[in-house]
Structures are given as structure tokens and as C-alpha cells.
$ cat final_22.cif   # mmCIF, C-alpha atoms
data_upload
loop_
_atom_site.label_atom_id
_atom_site.label_comp_id
_atom_site.auth_asym_id
_atom_site.auth_seq_id
_atom_site.Cartn_x
_atom_site.Cartn_y
_atom_site.Cartn_z
CA MET A 26 35.15 -141.59 -56.46
CA ASP A 27 34.71 -141.38 -60.21
CA LEU A 28 38.48 -141.28 -60.59
CA LEU A 29 39.46 -143.80 -57.91
CA GLY A 30 36.39 -146.00 -57.57
CA ASP A 31 37.24 -148.71 -60.08
CA TRP A 32 39.07 -151.88 -59.10
CA TRP A 33 42.35 -151.28 -60.92
CA THR A 34 43.22 -147.63 -60.24
CA PRO A 35 44.29 -148.03 -56.59
CA LEU A 36 46.27 -151.13 -57.56
CA VAL A 37 48.12 -149.28 -60.33
CA LEU A 38 48.94 -146.51 -57.86
CA ARG A 39 50.03 -149.05 -55.25
CA GLU A 40 52.48 -150.57 -57.72
CA ALA A 41 53.78 -147.09 -58.54
CA PHE A 42 54.51 -146.62 -54.82
CA TYR A 43 56.34 -149.95 -54.87
CA GLY A 44 58.60 -148.51 -57.56
CA ILE A 45 57.09 -149.77 -60.79
CA GLN A 46 57.21 -147.20 -63.59
CA ARG A 47 57.01 -149.08 -66.89
CA PHE A 48 53.93 -150.35 -68.69
CA ASP A 49 55.14 -153.94 -69.00
CA ALA A 50 56.09 -154.07 -65.32
CA PHE A 51 52.63 -152.84 -64.28
CA GLN A 52 51.05 -155.39 -66.57
CA GLU A 53 53.16 -158.23 -65.23
CA ALA A 54 52.73 -157.30 -61.55
CA LEU A 55 48.97 -156.93 -61.77
CA GLY A 56 48.01 -159.44 -64.48
CA ILE A 57 45.82 -156.67 -65.92
CA ALA A 58 44.69 -156.63 -69.54
CA ARG A 59 46.81 -154.30 -71.66
CA ASN A 60 43.82 -152.25 -72.86
CA THR A 61 42.57 -151.81 -69.29
CA LEU A 62 46.02 -150.76 -68.12
CA THR A 63 46.32 -148.32 -71.02
CA ASP A 64 43.00 -146.75 -70.00
CA ARG A 65 43.97 -146.49 -66.32
CA LEU A 66 47.40 -145.01 -67.01
CA ARG A 67 45.93 -142.51 -69.46
CA ARG A 68 43.33 -141.43 -66.88
CA LEU A 69 45.90 -141.12 -64.09
CA VAL A 70 48.11 -138.99 -66.35
CA THR A 71 45.15 -136.83 -67.46
CA GLU A 72 44.10 -136.31 -63.83
CA GLY A 73 47.65 -135.42 -62.79
CA LEU A 74 48.47 -138.36 -60.49
CA LEU A 75 51.11 -139.76 -62.85
CA GLU A 76 53.43 -138.08 -65.31
CA LYS A 77 54.76 -139.68 -68.51
CA ARG A 78 58.52 -139.38 -69.03
CA PRO A 79 60.08 -140.82 -72.18
CA TYR A 80 62.91 -143.29 -71.60
CA GLN A 81 63.22 -144.56 -75.17
CA THR A 82 62.75 -142.86 -78.54
CA GLU A 83 62.53 -145.70 -81.11
CA PRO A 84 59.77 -146.63 -80.47
CA VAL A 85 58.78 -144.02 -77.89
CA ARG A 86 58.24 -145.61 -74.49
CA TYR A 87 57.46 -143.97 -71.20
CA ASP A 88 58.01 -144.27 -67.49
CA TYR A 89 54.95 -143.41 -65.41
CA VAL A 90 56.09 -141.39 -62.41
CA LEU A 91 54.03 -140.28 -59.43
CA THR A 92 53.39 -136.54 -59.25
CA GLU A 93 52.89 -134.64 -56.00
CA LYS A 94 49.14 -135.23 -56.39
CA GLY A 95 49.81 -138.92 -56.91
CA ARG A 96 52.18 -139.19 -53.95
CA ASP A 97 49.50 -137.60 -51.78
CA PHE A 98 47.33 -140.67 -52.50
CA PHE A 99 49.68 -142.71 -50.29
CA THR A 100 47.65 -141.88 -47.19
CA VAL A 101 44.57 -143.39 -48.85
CA LEU A 102 46.48 -146.60 -49.55
CA LEU A 103 47.70 -146.69 -45.96
CA ALA A 104 44.13 -146.42 -44.68
CA MET A 105 43.01 -149.21 -47.03
CA ASN A 106 45.90 -151.39 -45.84
CA ARG A 107 45.03 -150.81 -42.21
CA TRP A 108 41.43 -151.86 -42.78
CA GLY A 109 42.53 -154.94 -44.75
CA ASP A 110 45.07 -155.89 -42.09
CA ARG A 111 42.42 -155.72 -39.38
CA TRP A 112 39.62 -157.52 -41.17
CA LEU A 113 41.17 -159.66 -43.88
CA ALA A 114 44.70 -160.70 -42.83
CA GLY A 115 45.11 -164.37 -42.01
CA GLU A 116 46.86 -165.98 -39.05
CA GLN A 117 50.27 -165.24 -40.57
CA GLY A 118 49.63 -161.52 -40.20
CA PRO A 119 49.53 -158.65 -42.65
CA PRO A 120 50.98 -159.25 -46.10
CA VAL A 121 52.77 -155.88 -46.12
CA VAL A 122 54.12 -153.87 -43.19
CA PHE A 123 55.22 -150.26 -43.22
CA ARG A 124 58.41 -148.89 -41.72
CA HIS A 125 58.25 -145.24 -40.69
CA ASP A 126 61.63 -143.89 -41.78
CA ALA A 127 61.56 -140.94 -39.34
CA CYS A 128 61.55 -143.17 -36.24
CA GLY A 129 62.69 -146.50 -37.70
CA HIS A 130 59.72 -148.50 -36.42
CA GLU A 131 57.35 -150.78 -38.24
CA SER A 132 54.00 -149.19 -37.65
CA ARG A 133 50.40 -149.16 -38.74
CA PRO A 134 48.72 -146.10 -40.18
CA GLU A 135 46.23 -144.18 -38.10
CA VAL A 136 44.09 -141.19 -39.05
CA VAL A 137 44.54 -138.47 -36.47
CA CYS A 138 43.27 -134.94 -36.07
CA ALA A 139 45.78 -132.46 -37.52
CA ASP A 140 45.07 -130.07 -34.63
CA CYS A 141 45.08 -132.22 -31.49
CA GLY A 142 46.71 -135.45 -32.69
CA GLU A 143 43.91 -137.68 -31.36
CA PRO A 144 42.60 -140.56 -33.51
CA MET A 145 39.64 -139.74 -35.72
CA THR A 146 36.93 -142.44 -35.78
CA ALA A 147 33.36 -142.71 -36.98
CA ALA A 148 32.26 -142.39 -33.33
CA ASN A 149 34.06 -139.09 -32.63
CA THR A 150 33.99 -137.34 -36.02
CA HIS A 151 31.21 -135.99 -38.20
CA ALA A 152 31.04 -134.32 -41.60
CA ARG A 153 29.95 -130.73 -42.13
CA MET A 154 29.37 -128.81 -45.34
CA GLY A 155 32.51 -127.00 -46.39
CA PRO A 156 32.79 -123.77 -48.33
CA GLY A 157 33.00 -125.64 -51.63
CA TYR A 158 29.82 -127.67 -51.14
CA PRO A 159 27.56 -127.16 -54.19
CA THR A 160 24.99 -124.44 -53.41
CA LYS A 161 22.20 -126.23 -55.25
CA LEU A 162 22.65 -129.33 -53.09
CA ALA A 163 23.15 -127.33 -49.89
CA GLU A 164 19.68 -125.84 -50.30
CA ARG A 165 17.94 -129.23 -50.30
CA PRO A 166 16.28 -130.07 -46.95
CA ASP A 167 17.44 -133.71 -47.01
CA VAL A 168 21.03 -132.64 -47.54
CA ARG A 169 20.84 -129.95 -44.84
CA GLU A 170 19.48 -132.55 -42.41
CA ARG A 171 22.35 -134.90 -43.22
CA PHE A 172 24.83 -132.25 -42.10
CA ALA A 173 22.78 -130.86 -39.18
CA ARG A 174 24.90 -132.42 -36.38
#
$ encode --input "final_22.cif" --output "C-alpha cells"
Amino acid sequence: MDLLGDWWTPLVLREAFYGIQRFDAFQEALGIARNTLTDRLRRLVTEGLLEKRPYQTEPVRYDYVLTEKGRDFFTVLLAMNRWGDRWLAGEQGPPVVFRHDACGHESRPEVVCADCGEPMTAANTHARMGPGYPTKLAERPDVRERFAR
């Protein structure tokens, strides 16, 4: 959440998925302050979600291109869109729809179990400690209780 929890980062990534690659285009599309955009792009490059590719040498200017790690964020954006479409869309309907290229249909995203294909919801899914859970936290009784289900 430290990386993605601010207001602008998901919006910058969204615009990258819409095909924007240049600083000025991001700035124009989002109405974001240049210094804020500079900080977000720098962080996304440092964290490996975007890659800088020079397109001009005098002065040096860059395209910001999604990496594999960045492209994998698309599922997060889909989930956010689904929630917004359900709870925030007006009478006109959702502002953006998604066409699934494999089948040709406009569809809505759904989180499903990778093993059985059934939808995953808060009512039928619970979190468990994974192998990478920090040992120091895993030893705390309050944390163990949280994952006891």
C-alpha cells in the first residue's frame, strides 16, 4: 500500500494502460502538478512498474512504458472499476466498459478462484498467513487470532 496507496499512482497507471507514455500527456490528461507527476513517475520507475525509454536526445525526453510488473497491475484497476461501476456510476451507466478480446464481449471483471473458477467474495474467502508472513508478527497472539479461521 505504501507504493500504491496515494491518490495519483493508480491514475498514472490507468493512463498508461490507456496508451499515454509521455510526461506532458500524463500531465494534461490528469491535470496533475508537474512536481507531483515527476515524483510518481520516478517512484513507478524505481519500483519497476514503468520503464523509461528515451525518444529524444536534445533535450533528453522519455516515454514511460509499462513493464510486466506494471501490466500485472491491470487486474487491480479492473477490480477498482467494478466497485466504482456498482456503487458510483450514475443512471447513464459506467463511464468505461471493457471488451474481452478473447471472446469479443463487453464484460465486467470478476475475481474468481484460480483452481475452481468460482467467484471469490468476502463471504466465502478468508486470509491465512502465507510462508512469507513476517515471523515476528506471526508470533503475536492478536495476529495469530486474526488468522485463526
$ closest_atom_pairs --input "final_22.cif" --of "region 88-162 of chain A" --to "region 60-80 of chain A" --cutoff "7 Å" --atoms "all atoms listed in the file" --output "CSV"
residue,atom,partner,partner_atom,distance
A:Asp88,CA,A:Arg78,CA,5.2
A:Tyr89,CA,A:Lys77,CA,4.9
A:Val90,CA,A:Glu76,CA,5.1
A:Leu91,CA,A:Leu75,CA,4.5
A:Thr92,CA,A:Leu75,CA,5.3
A:Lys94,CA,A:Leu74,CA,5.2
A:Gly95,CA,A:Leu74,CA,3.9
$ atom_distance --input "final_22.cif" --atom1 "CA of Pro134 (chain A)" --atom2 "CA of Arg174 (chain A)"
27.7 Å
$ atom_distance --input "final_22.cif" --atom1 "CA of Gly157 (chain A)" --atom2 "CA of Gly142 (chain A)"
25.4 Å
$ residues_around --input "final_22.cif" --residues "Val37 (chain A)" --least-positions-apart "3" --cutoff "10 Å" --atoms "all atoms listed in the file" --output "list in words"
Trp32, Trp33, Thr34, Glu40, Ala41, Phe42, Tyr43, Ile45, Gln46, Phe51, Gln52, Ala54, Leu55, Ile57, Leu62, Arg65, Leu66 and Leu69 of chain A
$ resolve_selection --input "final_22.cif" --expression "the PyMOL selection byres ((chain A and resi 122) around 12)" --output "number ranges by chain"
A: 103, 106-107, 109-110, 114, 118-121, 123-125, 130-134
$ atom_distance --input "final_22.cif" --atom1 "CA of Phe99 (chain A)" --atom2 "CA of Met154 (chain A)"
25.1 Å
$ decode --input "final_22.cif" --residues "region 72-152 of chain A" --atoms "C-alpha atoms" --output "PDB file, in the first residue's frame"
ATOM      1  CA  GLU A  72       9.699   0.138  -8.258  1.00  0.00           C
ATOM      2  CA  GLY A  73       9.753  -1.458 -11.709  1.00  0.00           C
ATOM      3  CA  LEU A  74       6.175  -0.766 -12.865  1.00  0.00           C
ATOM      4  CA  LEU A  75       7.274   1.644 -15.593  1.00  0.00           C
ATOM      5  CA  GLU A  76      10.413   1.801 -17.704  1.00  0.00           C
ATOM      6  CA  LYS A  77      11.929   4.989 -19.139  1.00  0.00           C
ATOM      7  CA  ARG A  78      12.805   4.836 -22.839  1.00  0.00           C
ATOM      8  CA  PRO A  79      14.399   7.864 -24.497  1.00  0.00           C
ATOM      9  CA  TYR A  80      12.589   9.171 -27.576  1.00  0.00           C
ATOM     10  CA  GLN A  81      14.523  12.421 -27.963  1.00  0.00           C
ATOM     11  CA  THR A  82      18.154  13.342 -27.266  1.00  0.00           C
ATOM     12  CA  GLU A  83      18.271  17.174 -27.307  1.00  0.00           C
ATOM     13  CA  PRO A  84      16.971  17.656 -24.669  1.00  0.00           C
ATOM     14  CA  VAL A  85      16.605  14.082 -23.447  1.00  0.00           C
ATOM     15  CA  ARG A  86      12.950  13.123 -23.126  1.00  0.00           C
ATOM     16  CA  TYR A  87      11.428   9.800 -22.225  1.00  0.00           C
ATOM     17  CA  ASP A  88       8.450   7.594 -22.854  1.00  0.00           C
ATOM     18  CA  TYR A  89       7.179   5.811 -19.751  1.00  0.00           C
ATOM     19  CA  VAL A  90       6.277   2.261 -20.721  1.00  0.00           C
ATOM     20  CA  LEU A  91       4.559  -0.373 -18.605  1.00  0.00           C
ATOM     21  CA  THR A  92       6.770  -3.288 -17.593  1.00  0.00           C
ATOM     22  CA  GLU A  93       5.478  -6.797 -16.940  1.00  0.00           C
ATOM     23  CA  LYS A  94       5.107  -5.843 -13.267  1.00  0.00           C
ATOM     24  CA  GLY A  95       3.187  -2.743 -14.300  1.00  0.00           C
ATOM     25  CA  ARG A  96       0.938  -4.619 -16.731  1.00  0.00           C
ATOM     26  CA  ASP A  97       0.093  -7.044 -13.928  1.00  0.00           C
ATOM     27  CA  PHE A  98      -1.498  -4.094 -12.077  1.00  0.00           C
ATOM     28  CA  PHE A  99      -4.308  -4.137 -14.653  1.00  0.00           C
ATOM     29  CA  THR A 100      -6.297  -6.633 -12.591  1.00  0.00           C
ATOM     30  CA  VAL A 101      -6.237  -4.202  -9.658  1.00  0.00           C
ATOM     31  CA  LEU A 102      -7.616  -1.435 -11.879  1.00  0.00           C
ATOM     32  CA  LEU A 103     -10.318  -3.779 -13.151  1.00  0.00           C
ATOM     33  CA  ALA A 104     -11.394  -4.558  -9.592  1.00  0.00           C
ATOM     34  CA  MET A 105     -11.482  -0.848  -8.731  1.00  0.00           C
ATOM     35  CA  ASN A 106     -13.563  -0.162 -11.847  1.00  0.00           C
ATOM     36  CA  ARG A 107     -16.025  -2.886 -10.964  1.00  0.00           C
ATOM     37  CA  TRP A 108     -16.543  -1.467  -7.488  1.00  0.00           C
ATOM     38  CA  GLY A 109     -16.935   2.063  -8.864  1.00  0.00           C
ATOM     39  CA  ASP A 110     -19.374   0.894 -11.532  1.00  0.00           C
ATOM     40  CA  ARG A 111     -21.538  -0.807  -8.918  1.00  0.00           C
ATOM     41  CA  TRP A 112     -21.542   1.914  -6.291  1.00  0.00           C
ATOM     42  CA  LEU A 113     -20.733   5.189  -8.014  1.00  0.00           C
ATOM     43  CA  ALA A 114     -21.932   5.050 -11.639  1.00  0.00           C
ATOM     44  CA  GLY A 115     -24.879   7.281 -12.439  1.00  0.00           C
ATOM     45  CA  GLU A 116     -28.039   6.476 -14.378  1.00  0.00           C
ATOM     46  CA  GLN A 117     -26.138   6.660 -17.673  1.00  0.00           C
ATOM     47  CA  GLY A 118     -24.086   3.640 -16.662  1.00  0.00           C
ATOM     48  CA  PRO A 119     -20.376   3.046 -16.242  1.00  0.00           C
ATOM     49  CA  PRO A 120     -18.022   5.640 -17.694  1.00  0.00           C
ATOM     50  CA  VAL A 121     -15.711   2.962 -19.131  1.00  0.00           C
ATOM     51  CA  VAL A 122     -16.550  -0.547 -20.309  1.00  0.00           C
ATOM     52  CA  PHE A 123     -14.128  -3.350 -21.034  1.00  0.00           C
ATOM     53  CA  ARG A 124     -14.143  -5.579 -24.086  1.00  0.00           C
ATOM     54  CA  HIS A 125     -12.596  -9.005 -23.571  1.00  0.00           C
ATOM     55  CA  ASP A 126     -10.641  -9.566 -26.785  1.00  0.00           C
ATOM     56  CA  ALA A 127     -10.616 -13.372 -26.443  1.00  0.00           C
ATOM     57  CA  CYS A 128     -14.411 -13.681 -26.706  1.00  0.00           C
ATOM     58  CA  GLY A 129     -15.344 -10.291 -28.158  1.00  0.00           C
ATOM     59  CA  HIS A 130     -17.839  -9.393 -25.428  1.00  0.00           C
ATOM     60  CA  GLU A 131     -18.089  -6.319 -23.272  1.00  0.00           C
ATOM     61  CA  SER A 132     -17.777  -7.682 -19.793  1.00  0.00           C
ATOM     62  CA  ARG A 133     -17.203  -6.750 -16.196  1.00  0.00           C
ATOM     63  CA  PRO A 134     -14.271  -8.032 -14.187  1.00  0.00           C
ATOM     64  CA  GLU A 135     -14.809 -10.661 -11.546  1.00  0.00           C
ATOM     65  CA  VAL A 136     -12.338 -12.171  -9.098  1.00  0.00           C
ATOM     66  CA  VAL A 137     -12.521 -15.937  -9.298  1.00  0.00           C
ATOM     67  CA  CYS A 138     -10.657 -18.792  -7.684  1.00  0.00           C
ATOM     68  CA  ALA A 139      -7.770 -19.910  -9.905  1.00  0.00           C
ATOM     69  CA  ASP A 140      -8.489 -23.550  -9.000  1.00  0.00           C
ATOM     70  CA  CYS A 141     -12.264 -23.944  -9.268  1.00  0.00           C
ATOM     71  CA  GLY A 142     -13.302 -20.824 -11.206  1.00  0.00           C
ATOM     72  CA  GLU A 143     -15.965 -19.799  -8.672  1.00  0.00           C
ATOM     73  CA  PRO A 144     -16.271 -16.133  -7.631  1.00  0.00           C
ATOM     74  CA  MET A 145     -14.285 -15.116  -4.568  1.00  0.00           C
ATOM     75  CA  THR A 146     -16.179 -12.847  -2.153  1.00  0.00           C
ATOM     76  CA  ALA A 147     -15.714 -11.620   1.396  1.00  0.00           C
ATOM     77  CA  ALA A 148     -18.376 -14.139   2.466  1.00  0.00           C
ATOM     78  CA  ASN A 149     -16.648 -17.226   1.007  1.00  0.00           C
ATOM     79  CA  THR A 150     -12.942 -16.361   1.301  1.00  0.00           C
ATOM     80  CA  HIS A 151     -10.629 -15.788   4.238  1.00  0.00           C
ATOM     81  CA  ALA A 152      -6.985 -14.845   4.625  1.00  0.00           C
TER      82      ALA A 152
END
